[in-house]
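File shown here: start-v6.pdb, holding PDB, C-alpha atoms, pLDDT in the B column.
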ATOM      1  CA  MET F   1     144.915 -36.701 -73.362  1.00 94.00           C
ATOM      2  CA  GLU F   2     142.844 -35.537 -76.318  1.00 96.00           C
ATOM      3  CA  VAL F   3     144.353 -33.784 -79.332  1.00 96.00           C
ATOM      4  CA  GLU F   4     142.074 -31.435 -81.267  1.00 97.00           C
ATOM      5  CA  MET F   5     141.943 -32.265 -84.959  1.00 97.00           C
ATOM      6  CA  LYS F   6     140.333 -30.913 -88.114  1.00 96.00           C
ATOM      7  CA  ILE F   7     139.329 -32.763 -91.233  1.00 95.00           C
ATOM      8  CA  ARG F   8     142.171 -31.847 -93.564  1.00 92.00           C
ATOM      9  CA  SER F   9     141.060 -33.756 -96.631  1.00 91.00           C
ATOM     10  CA  LEU F  10     138.958 -36.531 -98.050  1.00 94.00           C
ATOM     11  CA  MET F  11     140.778 -38.566-100.660  1.00 93.00           C
ATOM     12  CA  MET F  12     141.121 -41.971-102.253  1.00 91.00           C
ATOM     13  CA  ASP F  13     143.792 -44.401-101.085  1.00 88.00           C
ATOM     14  CA  PRO F  14     145.938 -45.036-104.173  1.00 85.00           C
ATOM     15  CA  VAL F  15     146.664 -48.593-102.977  1.00 84.00           C
ATOM     16  CA  THR F  16     143.184 -49.860-102.003  1.00 87.00           C
ATOM     17  CA  ASN F  17     140.914 -47.319-103.794  1.00 89.00           C
ATOM     18  CA  MET F  18     139.071 -46.816-100.514  1.00 93.00           C
ATOM     19  CA  PRO F  19     138.205 -43.344 -99.229  1.00 96.00           C
ATOM     20  CA  ILE F  20     140.403 -41.866 -96.516  1.00 95.00           C
ATOM     21  CA  VAL F  21     139.483 -39.043 -94.174  1.00 96.00           C
ATOM     22  CA  VAL F  22     142.713 -37.327 -93.192  1.00 93.00           C
ATOM     23  CA  LEU F  23     142.607 -35.640 -89.797  1.00 95.00           C
ATOM     24  CA  LYS F  24     145.322 -33.151 -88.907  1.00 94.00           C
ATOM     25  CA  ASP F  25     145.877 -31.667 -85.488  1.00 92.00           C
ATOM     26  CA  ILE F  26     145.243 -27.955 -85.205  1.00 92.00           C
ATOM     27  CA  GLN F  27     148.929 -27.407 -84.423  1.00 86.00           C
ATOM     28  CA  GLY F  28     149.776 -29.073 -87.737  1.00 76.00           C
ATOM     29  CA  ASN F  29     152.113 -31.668 -86.241  1.00 79.00           C
ATOM     30  CA  ALA F  30     150.217 -34.955 -86.612  1.00 88.00           C
ATOM     31  CA  ILE F  31     147.977 -36.572 -89.168  1.00 91.00           C
ATOM     32  CA  LEU F  32     145.613 -39.483 -88.786  1.00 94.00           C
ATOM     33  CA  PRO F  33     144.276 -41.244 -91.875  1.00 94.00           C
ATOM     34  CA  ILE F  34     141.019 -43.106 -91.261  1.00 95.00           C
ATOM     35  CA  TRP F  35     139.737 -45.408 -93.981  1.00 94.00           C
ATOM     36  CA  VAL F  36     135.962 -45.146 -94.350  1.00 95.00           C
ATOM     37  CA  GLY F  37     133.266 -46.696 -96.496  1.00 94.00           C
ATOM     38  CA  ILE F  38     132.046 -45.187 -99.738  1.00 94.00           C
ATOM     39  CA  TYR F  39     128.674 -44.135 -98.293  1.00 94.00           C
ATOM     40  CA  GLU F  40     130.233 -42.535 -95.233  1.00 95.00           C
ATOM     41  CA  ALA F  41     132.758 -40.704 -97.418  1.00 96.00           C
ATOM     42  CA  ASN F  42     129.861 -39.460 -99.544  1.00 95.00           C
ATOM     43  CA  ALA F  43     128.064 -38.170 -96.424  1.00 95.00           C
ATOM     44  CA  ILE F  44     131.210 -36.331 -95.351  1.00 96.00           C
ATOM     45  CA  ALA F  45     131.813 -34.945 -98.857  1.00 95.00           C
ATOM     46  CA  LEU F  46     128.217 -33.699 -99.145  1.00 95.00           C
ATOM     47  CA  GLU F  47     128.611 -31.691 -95.951  1.00 95.00           C
ATOM     48  CA  ILE F  48     132.080 -30.394 -96.850  1.00 94.00           C
ATOM     49  CA  GLU F  49     130.694 -29.157-100.150  1.00 94.00           C
ATOM     50  CA  LYS F  50     127.468 -27.908 -98.457  1.00 94.00           C
ATOM     51  CA  VAL F  51     125.338 -29.838-100.961  1.00 95.00           C
ATOM     52  CA  GLN F  52     121.648 -29.752-100.103  1.00 92.00           C
ATOM     53  CA  THR F  53     119.878 -33.049-100.715  1.00 94.00           C
ATOM     54  CA  PRO F  54     116.151 -33.160-101.486  1.00 95.00           C
ATOM     55  CA  ARG F  55     115.507 -35.241 -98.350  1.00 95.00           C
ATOM     56  CA  PRO F  56     117.543 -35.526 -95.134  1.00 93.00           C
ATOM     57  CA  MET F  57     120.370 -38.033 -95.264  1.00 94.00           C
ATOM     58  CA  THR F  58     121.012 -40.269 -92.240  1.00 94.00           C
ATOM     59  CA  HIS F  59     123.429 -37.860 -90.539  1.00 95.00           C
ATOM     60  CA  ASP F  60     121.083 -34.942 -91.200  1.00 96.00           C
ATOM     61  CA  LEU F  61     118.279 -36.966 -89.600  1.00 96.00           C
ATOM     62  CA  LEU F  62     120.461 -37.661 -86.554  1.00 97.00           C
ATOM     63  CA  ARG F  63     121.282 -33.947 -86.247  1.00 97.00           C
ATOM     64  CA  ASN F  64     117.596 -33.063 -86.548  1.00 97.00           C
ATOM     65  CA  VAL F  65     116.573 -35.613 -83.889  1.00 97.00           C
ATOM     66  CA  LEU F  66     119.236 -34.380 -81.468  1.00 97.00           C
ATOM     67  CA  MET F  67     118.221 -30.756 -82.038  1.00 97.00           C
ATOM     68  CA  GLY F  68     114.549 -31.660 -81.665  1.00 97.00           C
ATOM     69  CA  PHE F  69     115.211 -33.158 -78.248  1.00 97.00           C
ATOM     70  CA  ASP F  70     117.396 -30.184 -77.275  1.00 97.00           C
ATOM     71  CA  VAL F  71     120.532 -32.325 -77.152  1.00 98.00           C
ATOM     72  CA  ARG F  72     123.791 -30.492 -77.876  1.00 98.00           C
ATOM     73  CA  VAL F  73     126.747 -32.341 -79.352  1.00 98.00           C
ATOM     74  CA  GLN F  74     129.768 -31.152 -77.382  1.00 98.00           C
ATOM     75  CA  LYS F  75     132.477 -32.997 -79.286  1.00 98.00           C
ATOM     76  CA  VAL F  76     133.405 -36.213 -81.025  1.00 98.00           C
ATOM     77  CA  VAL F  77     136.446 -38.202 -79.967  1.00 98.00           C
ATOM     78  CA  VAL F  78     138.288 -40.985 -81.773  1.00 98.00           C
ATOM     79  CA  THR F  79     138.993 -43.030 -78.666  1.00 98.00           C
ATOM     80  CA  ASP F  80     140.640 -46.280 -79.639  1.00 97.00           C
ATOM     81  CA  LEU F  81     142.336 -48.361 -82.317  1.00 95.00           C
ATOM     82  CA  LYS F  82     141.964 -52.128 -81.976  1.00 94.00           C
ATOM     83  CA  ASP F  83     142.818 -54.671 -84.660  1.00 91.00           C
ATOM     84  CA  ASP F  84     143.020 -51.909 -87.294  1.00 89.00           C
ATOM     85  CA  THR F  85     139.536 -50.637 -86.362  1.00 94.00           C
ATOM     86  CA  PHE F  86     138.997 -47.145 -84.994  1.00 97.00           C
ATOM     87  CA  TYR F  87     136.383 -46.401 -82.318  1.00 98.00           C
ATOM     88  CA  ALA F  88     134.736 -43.106 -81.446  1.00 98.00           C
ATOM     89  CA  LEU F  89     132.401 -41.492 -78.947  1.00 98.00           C
ATOM     90  CA  ILE F  90     129.954 -38.677 -79.491  1.00 98.00           C
ATOM     91  CA  TRP F  91     129.730 -36.496 -76.373  1.00 98.00           C
ATOM     92  CA  VAL F  92     126.269 -34.977 -75.916  1.00 98.00           C
ATOM     93  CA  GLU F  93     124.645 -32.789 -73.274  1.00 98.00           C
ATOM     94  CA  HIS F  94     120.972 -32.571 -72.383  1.00 98.00           C
ATOM     95  CA  GLU F  95     119.641 -30.488 -69.491  1.00 97.00           C
ATOM     96  CA  GLY F  96     123.044 -30.447 -67.838  1.00 97.00           C
ATOM     97  CA  GLN F  97     123.615 -34.204 -68.134  1.00 98.00           C
ATOM     98  CA  VAL F  98     126.579 -35.308 -70.252  1.00 98.00           C
ATOM     99  CA  MET F  99     126.395 -38.667 -72.018  1.00 98.00           C
ATOM    100  CA  THR F 100     128.470 -40.530 -74.588  1.00 98.00           C
ATOM    101  CA  ILE F 101     127.235 -42.425 -77.620  1.00 98.00           C
ATOM    102  CA  ASP F 102     129.342 -45.196 -79.171  1.00 98.00           C
ATOM    103  CA  SER F 103     129.989 -44.514 -82.852  1.00 98.00           C
ATOM    104  CA  ARG F 104     132.042 -45.393 -85.865  1.00 97.00           C
ATOM    105  CA  PRO F 105     134.501 -42.554 -86.494  1.00 97.00           C
ATOM    106  CA  SER F 106     133.067 -41.945 -89.960  1.00 97.00           C
ATOM    107  CA  ASP F 107     129.584 -41.360 -88.537  1.00 97.00           C
ATOM    108  CA  ALA F 108     130.932 -39.218 -85.709  1.00 98.00           C
ATOM    109  CA  LEU F 109     132.895 -37.087 -88.196  1.00 98.00           C
ATOM    110  CA  ALA F 110     129.891 -36.696 -90.513  1.00 97.00           C
ATOM    111  CA  LEU F 111     127.811 -35.555 -87.541  1.00 98.00           C
ATOM    112  CA  ALA F 112     130.558 -33.239 -86.257  1.00 98.00           C
ATOM    113  CA  LEU F 113     130.567 -31.424 -89.589  1.00 97.00           C
ATOM    114  CA  ARG F 114     126.791 -31.019 -89.464  1.00 97.00           C
ATOM    115  CA  VAL F 115     126.659 -29.645 -85.915  1.00 98.00           C
ATOM    116  CA  ASP F 116     129.970 -27.766 -86.101  1.00 97.00           C
ATOM    117  CA  CYS F 117     131.496 -29.332 -82.996  1.00 98.00           C
ATOM    118  CA  PRO F 118     135.167 -29.997 -82.268  1.00 98.00           C
ATOM    119  CA  ILE F 119     136.872 -33.242 -83.260  1.00 98.00           C
ATOM    120  CA  PHE F 120     139.418 -34.854 -80.954  1.00 98.00           C
ATOM    121  CA  VAL F 121     141.649 -37.921 -81.086  1.00 98.00           C
ATOM    122  CA  GLU F 122     143.080 -39.584 -78.009  1.00 97.00           C
ATOM    123  CA  GLU F 123     146.855 -39.166 -78.005  1.00 95.00           C
ATOM    124  CA  GLN F 124     147.256 -42.930 -77.538  1.00 95.00           C
ATOM    125  CA  VAL F 125     145.346 -43.515 -80.791  1.00 96.00           C
ATOM    126  CA  LEU F 126     147.804 -41.286 -82.641  1.00 94.00           C
ATOM    127  CA  LYS F 127     150.690 -43.243 -81.146  1.00 91.00           C
ATOM    128  CA  SER F 128     149.048 -46.614 -81.858  1.00 88.00           C
ATOM    129  CA  SER F 129     148.272 -45.572 -85.404  1.00 85.00           C
ATOM    130  CA  LYS F 130     151.897 -44.701 -86.039  1.00 73.00           C
ATOM    131  CA  ALA F 131     153.013 -47.997 -84.520  1.00 56.00           C
ATOM    132  CA  SER F 132     150.516 -50.338 -86.140  1.00 47.00           C
ATOM    133  CA  GLY F 133     149.115 -48.486 -89.129  1.00 47.00           C
ATOM    134  CA  ALA F 134     145.891 -49.258 -90.916  1.00 39.00           C
ATOM    135  CA  PHE F 135     147.393 -51.954 -93.132  1.00 38.00           C
ATOM    136  CA  ALA F 136     148.617 -55.373 -92.093  1.00 35.00           C
ATOM    137  CA  GLU F 137     151.639 -55.125 -94.390  1.00 39.00           C
ATOM    138  CA  LYS F 138     154.276 -52.902 -92.837  1.00 42.00           C
ATOM    139  CA  ASN F 139     155.884 -51.874 -96.136  1.00 41.00           C
ATOM    140  CA  THR F 140     152.581 -50.790 -97.644  1.00 51.00           C
ATOM    141  CA  ASN F 141     151.716 -48.906 -94.462  1.00 54.00           C
ATOM    142  CA  GLU F 142     155.042 -47.092 -94.370  1.00 59.00           C
ATOM    143  CA  GLN F 143     154.833 -46.215 -98.044  1.00 59.00           C
ATOM    144  CA  LEU F 144     151.306 -44.852 -97.611  1.00 61.00           C
ATOM    145  CA  ARG F 145     152.164 -42.942 -94.427  1.00 62.00           C
ATOM    146  CA  ASN F 146     155.201 -41.388 -96.124  1.00 65.00           C
ATOM    147  CA  TRP F 147     153.030 -40.496 -99.108  1.00 64.00           C
ATOM    148  CA  LEU F 148     150.346 -38.915 -96.871  1.00 65.00           C
ATOM    149  CA  GLU F 149     152.855 -36.962 -94.805  1.00 64.00           C
ATOM    150  CA  GLY F 150     154.532 -35.660 -97.962  1.00 66.00           C
ATOM    151  CA  LEU F 151     151.367 -34.235 -99.487  1.00 65.00           C
ATOM    152  CA  SER F 152     151.273 -30.526-100.130  1.00 62.00           C
ATOM    153  CA  ASP F 153     148.137 -28.396 -99.931  1.00 61.00           C
ATOM    154  CA  GLU F 154     147.753 -28.671-103.708  1.00 61.00           C
ATOM    155  CA  ASP F 155     147.995 -32.479-103.526  1.00 59.00           C
ATOM    156  CA  LEU F 156     145.110 -32.747-101.093  1.00 56.00           C
ATOM    157  CA  GLY F 157     142.599 -32.125-103.836  1.00 54.00           C
ATOM    158  CA  ARG F 158     139.162 -30.617-103.935  1.00 46.00           C
ATOM    159  CA  TYR F 159     138.150 -31.681-100.425  1.00 46.00           C
ATOM    160  CA  LYS F 160     140.979 -29.788 -98.774  1.00 45.00           C
ATOM    161  CA  MET F 161     139.696 -28.092 -95.609  1.00 40.00           C
TER     162      MET F 161
END

As structure tokens, please, write out the structure in this file.
Amino acid sequence: MEVEMKIRSLMMDPVTNMPIVVLKDIQGNAILPIWVGIYEANAIALEIEKVQTPRPMTHDLLRNVLMGFDVRVQKVVVTDLKDDTFYALIWVEHEGQVMTIDSRPSDALALALRVDCPIFVEEQVLKSSKASGAFAEKNTNEQLRNWLEGLSDEDLGRYKM
């Protein structure tokens, strides 16, 4: 079963100094932190802030190509978590035919922001994430998860959604 999520914030992990995209379900009951690369975080931040770049960035190019071929992005789904790596699919429709495109979650999220489509996470991914976490060290993972879950709206910073 898929759980609809929204990007709640984009922040830096205080332990690893890596960017984290924090997804929160629309009911407000679950969060999913996804560690992303610096460039992907920048692409997400640019769209959150609605910054216009002089030339199209990669995700803008992808949006433009899809629109040019009359392909509609229906949704993006974070589908799996294996060995601390998240997987995603981009669901697209063209002339009545639905297809999926394999993607890194960071790219799928950057595209979702640009085309304004819903973001989903498979319920099993939420459960697996809670069980395994994104860090190999359980104590660090639990400390970070407790820290993330305890954040207030003010703590989420300038990229709060």

Report the closest atom pair, with its distance in Å rounded to one decimal, for each residue of region 6-87 of chain F that has an atom no farther than 10 Å from region 96-109 of chain F; count all atoms listed in the file, sort by chain and then rising residue number, and write it as a tab-separated table.
residue	atom	partner	partner_atom	distance
F:Lys6	CA	F:Leu109	CA	9.7
F:Ile7	CA	F:Leu109	CA	8.3
F:Ile20	CA	F:Ser106	CA	9.8
F:Val21	CA	F:Ser106	CA	8.2
F:Leu23	CA	F:Leu109	CA	9.9
F:Ile34	CA	F:Pro105	CA	8.1
F:Trp35	CA	F:Ser106	CA	8.5
F:Val36	CA	F:Ser106	CA	6.2
F:Gly37	CA	F:Ser106	CA	8.1
F:Tyr39	CA	F:Ser106	CA	9.7
F:Glu40	CA	F:Ser106	CA	6.0
F:Ala41	CA	F:Ser106	CA	7.6
F:Ala43	CA	F:Asp107	CA	8.6
F:Ile44	CA	F:Leu109	CA	7.4
F:Thr58	CA	F:Asp107	CA	9.4
F:His59	CA	F:Asp107	CA	7.4
F:Val71	CA	F:Val98	CA	9.6
F:Arg72	CA	F:Val98	CA	9.4
F:Val73	CA	F:Val98	CA	9.6
F:Gln74	CA	F:Val98	CA	8.8
F:Lys75	CA	F:Ala108	CA	9.1
F:Val76	CA	F:Ala108	CA	6.1
F:Val77	CA	F:Ala108	CA	8.0
F:Val78	CA	F:Pro105	CA	6.3
F:Thr79	CA	F:Pro105	CA	9.0
F:Asp80	CA	F:Pro105	CA	9.9
F:Thr85	CA	F:Arg104	CA	9.2
F:Phe86	CA	F:Pro105	CA	6.6
F:Tyr87	CA	F:Arg104	CA	5.7

Dump as a PDB file, keeping the file's coordinate frame, selection limited to C-alpha atoms:
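Result written to result_24.pdb:
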ATOM      1  CA  LYS F   6     140.333 -30.913 -88.114  1.00 96.00           C
ATOM      2  CA  ILE F   7     139.329 -32.763 -91.233  1.00 95.00           C
ATOM      3  CA  ILE F  20     140.403 -41.866 -96.516  1.00 95.00           C
ATOM      4  CA  VAL F  21     139.483 -39.043 -94.174  1.00 96.00           C
ATOM      5  CA  LEU F  23     142.607 -35.640 -89.797  1.00 95.00           C
ATOM      6  CA  ILE F  34     141.019 -43.106 -91.261  1.00 95.00           C
ATOM      7  CA  TRP F  35     139.737 -45.408 -93.981  1.00 94.00           C
ATOM      8  CA  VAL F  36     135.962 -45.146 -94.350  1.00 95.00           C
ATOM      9  CA  GLY F  37     133.266 -46.696 -96.496  1.00 94.00           C
ATOM     10  CA  TYR F  39     128.674 -44.135 -98.293  1.00 94.00           C
ATOM     11  CA  GLU F  40     130.233 -42.535 -95.233  1.00 95.00           C
ATOM     12  CA  ALA F  41     132.758 -40.704 -97.418  1.00 96.00           C
ATOM     13  CA  ALA F  43     128.064 -38.170 -96.424  1.00 95.00           C
ATOM     14  CA  ILE F  44     131.210 -36.331 -95.351  1.00 96.00           C
ATOM     15  CA  THR F  58     121.012 -40.269 -92.240  1.00 94.00           C
ATOM     16  CA  HIS F  59     123.429 -37.860 -90.539  1.00 95.00           C
ATOM     17  CA  VAL F  71     120.532 -32.325 -77.152  1.00 98.00           C
ATOM     18  CA  ARG F  72     123.791 -30.492 -77.876  1.00 98.00           C
ATOM     19  CA  VAL F  73     126.747 -32.341 -79.352  1.00 98.00           C
ATOM     20  CA  GLN F  74     129.768 -31.152 -77.382  1.00 98.00           C
ATOM     21  CA  LYS F  75     132.477 -32.997 -79.286  1.00 98.00           C
ATOM     22  CA  VAL F  76     133.405 -36.213 -81.025  1.00 98.00           C
ATOM     23  CA  VAL F  77     136.446 -38.202 -79.967  1.00 98.00           C
ATOM     24  CA  VAL F  78     138.288 -40.985 -81.773  1.00 98.00           C
ATOM     25  CA  THR F  79     138.993 -43.030 -78.666  1.00 98.00           C
ATOM     26  CA  ASP F  80     140.640 -46.280 -79.639  1.00 97.00           C
ATOM     27  CA  THR F  85     139.536 -50.637 -86.362  1.00 94.00           C
ATOM     28  CA  PHE F  86     138.997 -47.145 -84.994  1.00 97.00           C
ATOM     29  CA  TYR F  87     136.383 -46.401 -82.318  1.00 98.00           C
TER      30      TYR F  87
END

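With only C-alpha atoms as the basis for measurement, F:Met67 is the residue among F:Met5, F:Met67, F:Val51, F:Ile26 that approaches Val115 (chain F) most closely.
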
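Excluding region 123-128 of chain F itself and any same-chain residue fewer than 2 positions from it, the protein and nucleic acid residues within 9 Å of it, counting all atoms listed in the file, are Met1, Glu2, Val3, Ala30, Ile31, Leu32, Val78, Thr79, Asp80, Leu81, Lys82, Phe86, Val121, Lys130, Ala131, Ser132 and Gly133 of chain F.
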
For the residues in that selection, give me C-alpha atoms as a CSV table (one decimal), in the frame of the given file.
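As a result, out_21.csv now contains:
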chain,number,residue,atom,x,y,z
F,1,MET,CA,144.9,-36.7,-73.4
F,2,GLU,CA,142.8,-35.5,-76.3
F,3,VAL,CA,144.4,-33.8,-79.3
F,30,ALA,CA,150.2,-35.0,-86.6
F,31,ILE,CA,148.0,-36.6,-89.2
F,32,LEU,CA,145.6,-39.5,-88.8
F,78,VAL,CA,138.3,-41.0,-81.8
F,79,THR,CA,139.0,-43.0,-78.7
F,80,ASP,CA,140.6,-46.3,-79.6
F,81,LEU,CA,142.3,-48.4,-82.3
F,82,LYS,CA,142.0,-52.1,-82.0
F,86,PHE,CA,139.0,-47.1,-85.0
F,121,VAL,CA,141.6,-37.9,-81.1
F,130,LYS,CA,151.9,-44.7,-86.0
F,131,ALA,CA,153.0,-48.0,-84.5
F,132,SER,CA,150.5,-50.3,-86.1
F,133,GLY,CA,149.1,-48.5,-89.1

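With only C-alpha atoms as the atoms that count, the minimum distance from Asp25 (chain F) to the choices F:Glu4, F:Val92, F:Leu10, F:Phe69 is reached by F:Glu4.
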
Between CA of Ala112 (chain F) and CA of Lys24 (chain F) - distance in Å to one decimal: 15.0 Å

Point-to-point distance in Å for CA of Leu111 (chain F) and CA of Arg63 (chain F): 6.8 Å

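Among the candidate residues F:Ile38, F:Pro14, F:Ala45, F:Trp91, the one lying nearest to Pro118 (chain F) is F:Trp91, with distances computed using all atoms listed in the file.
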
Contacts of Glu47 (chain F) within 9 Å, only C-alpha atoms, excl. fewer than 5 positions in-chain, as a PyMOL selection string: chain F and resi 42+52+110+113-114

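Between CA of Asp83 (chain F) and CA of Phe120 (chain F) the interatomic distance comes to 20.4 Å.
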
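Ranking F:Pro33, F:Asp60, F:Glu95, F:Ile48 by their shortest atom-to-atom distance to Met18 (chain F), with only C-alpha atoms included, puts F:Pro33 first.
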
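Minimum distance to Ser129 (chain F) across F:Ser9, F:Thr16, F:Asp84, F:Gly68 (counting only C-alpha atoms) occurs at F:Asp84.
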
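Nearest-residue note for Ile119 (chain F): choosing from F:Leu66, F:Ala88, F:Leu46, F:Val15, the minimum distance belongs to F:Ala88, counting all atoms listed in the file.
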